[in-house]
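To start, the structure itself, in structure tokens.
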Amino acid sequence: MRRRIVWVLVMLLLGLTGAVGVYNGISEWSDPHTPLQQSVTVAVFLYGIAGLAGAYAVALRRHWSVWAAVAWGVCTTYAATVATIAYGGSDGSSGAALAAGSACVLIAAATIWGVRVSTAAGSR
């Protein structure tokens, strides 16, 4: 029962953030003004694709879903960390970027763990 709950939660997390990431990546493509802001938009689009792919792979309990979750985690961490500096202007401190990055690393680690647990052999 616990594995099923983890399975559903990681599917929802990857799927929802993936859908939002793809939507935001497409709709905000023309908004960024600096190369750093453009890199955040690219990272958002990439975590959208990785999230949707990961949710699909988790739904089918494929082992490559772990790699999709890793890619999702890397892109979300980059987007959150760099967005703080790229869009924060004079208010974007290195401490805020570190806090955003640290929070994303923890969430990504928990998600990757959940994907591994829910796609492990014998969890069907």
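Residues are named by chain letter and number: chains run A, B, ... in the order of the structure tokens, numbers start at 1 in each chain, and ligands are numbered from 1 in the order shown.
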
I'd like the neighbourhood of segment 112-121 of chain A as a ChimeraX atom specification, where a residue qualifies if any of its atoms comes within 7 Å (using only C-alpha atoms), though same-chain residues fewer than 6 positions away should be ignored. /A:3,6-7,10,58,61-63,65-66,69-70

DSSP says alpha helix (DSSP H) for which residues of segment 9-116 of chain A? Put them as number ranges by chain? A: 9-27, 35-59, 65-88, 94-116

Please provide as a VMD selection string all residues within 9 Å of Ala55 of chain A, with the sequence filter that same-chain residues fewer than 4 positions apart are discarded (counting only C-alpha atoms). chain A and resid 10 to 16 18 50 to 51 59 to 60 65 68 to 69
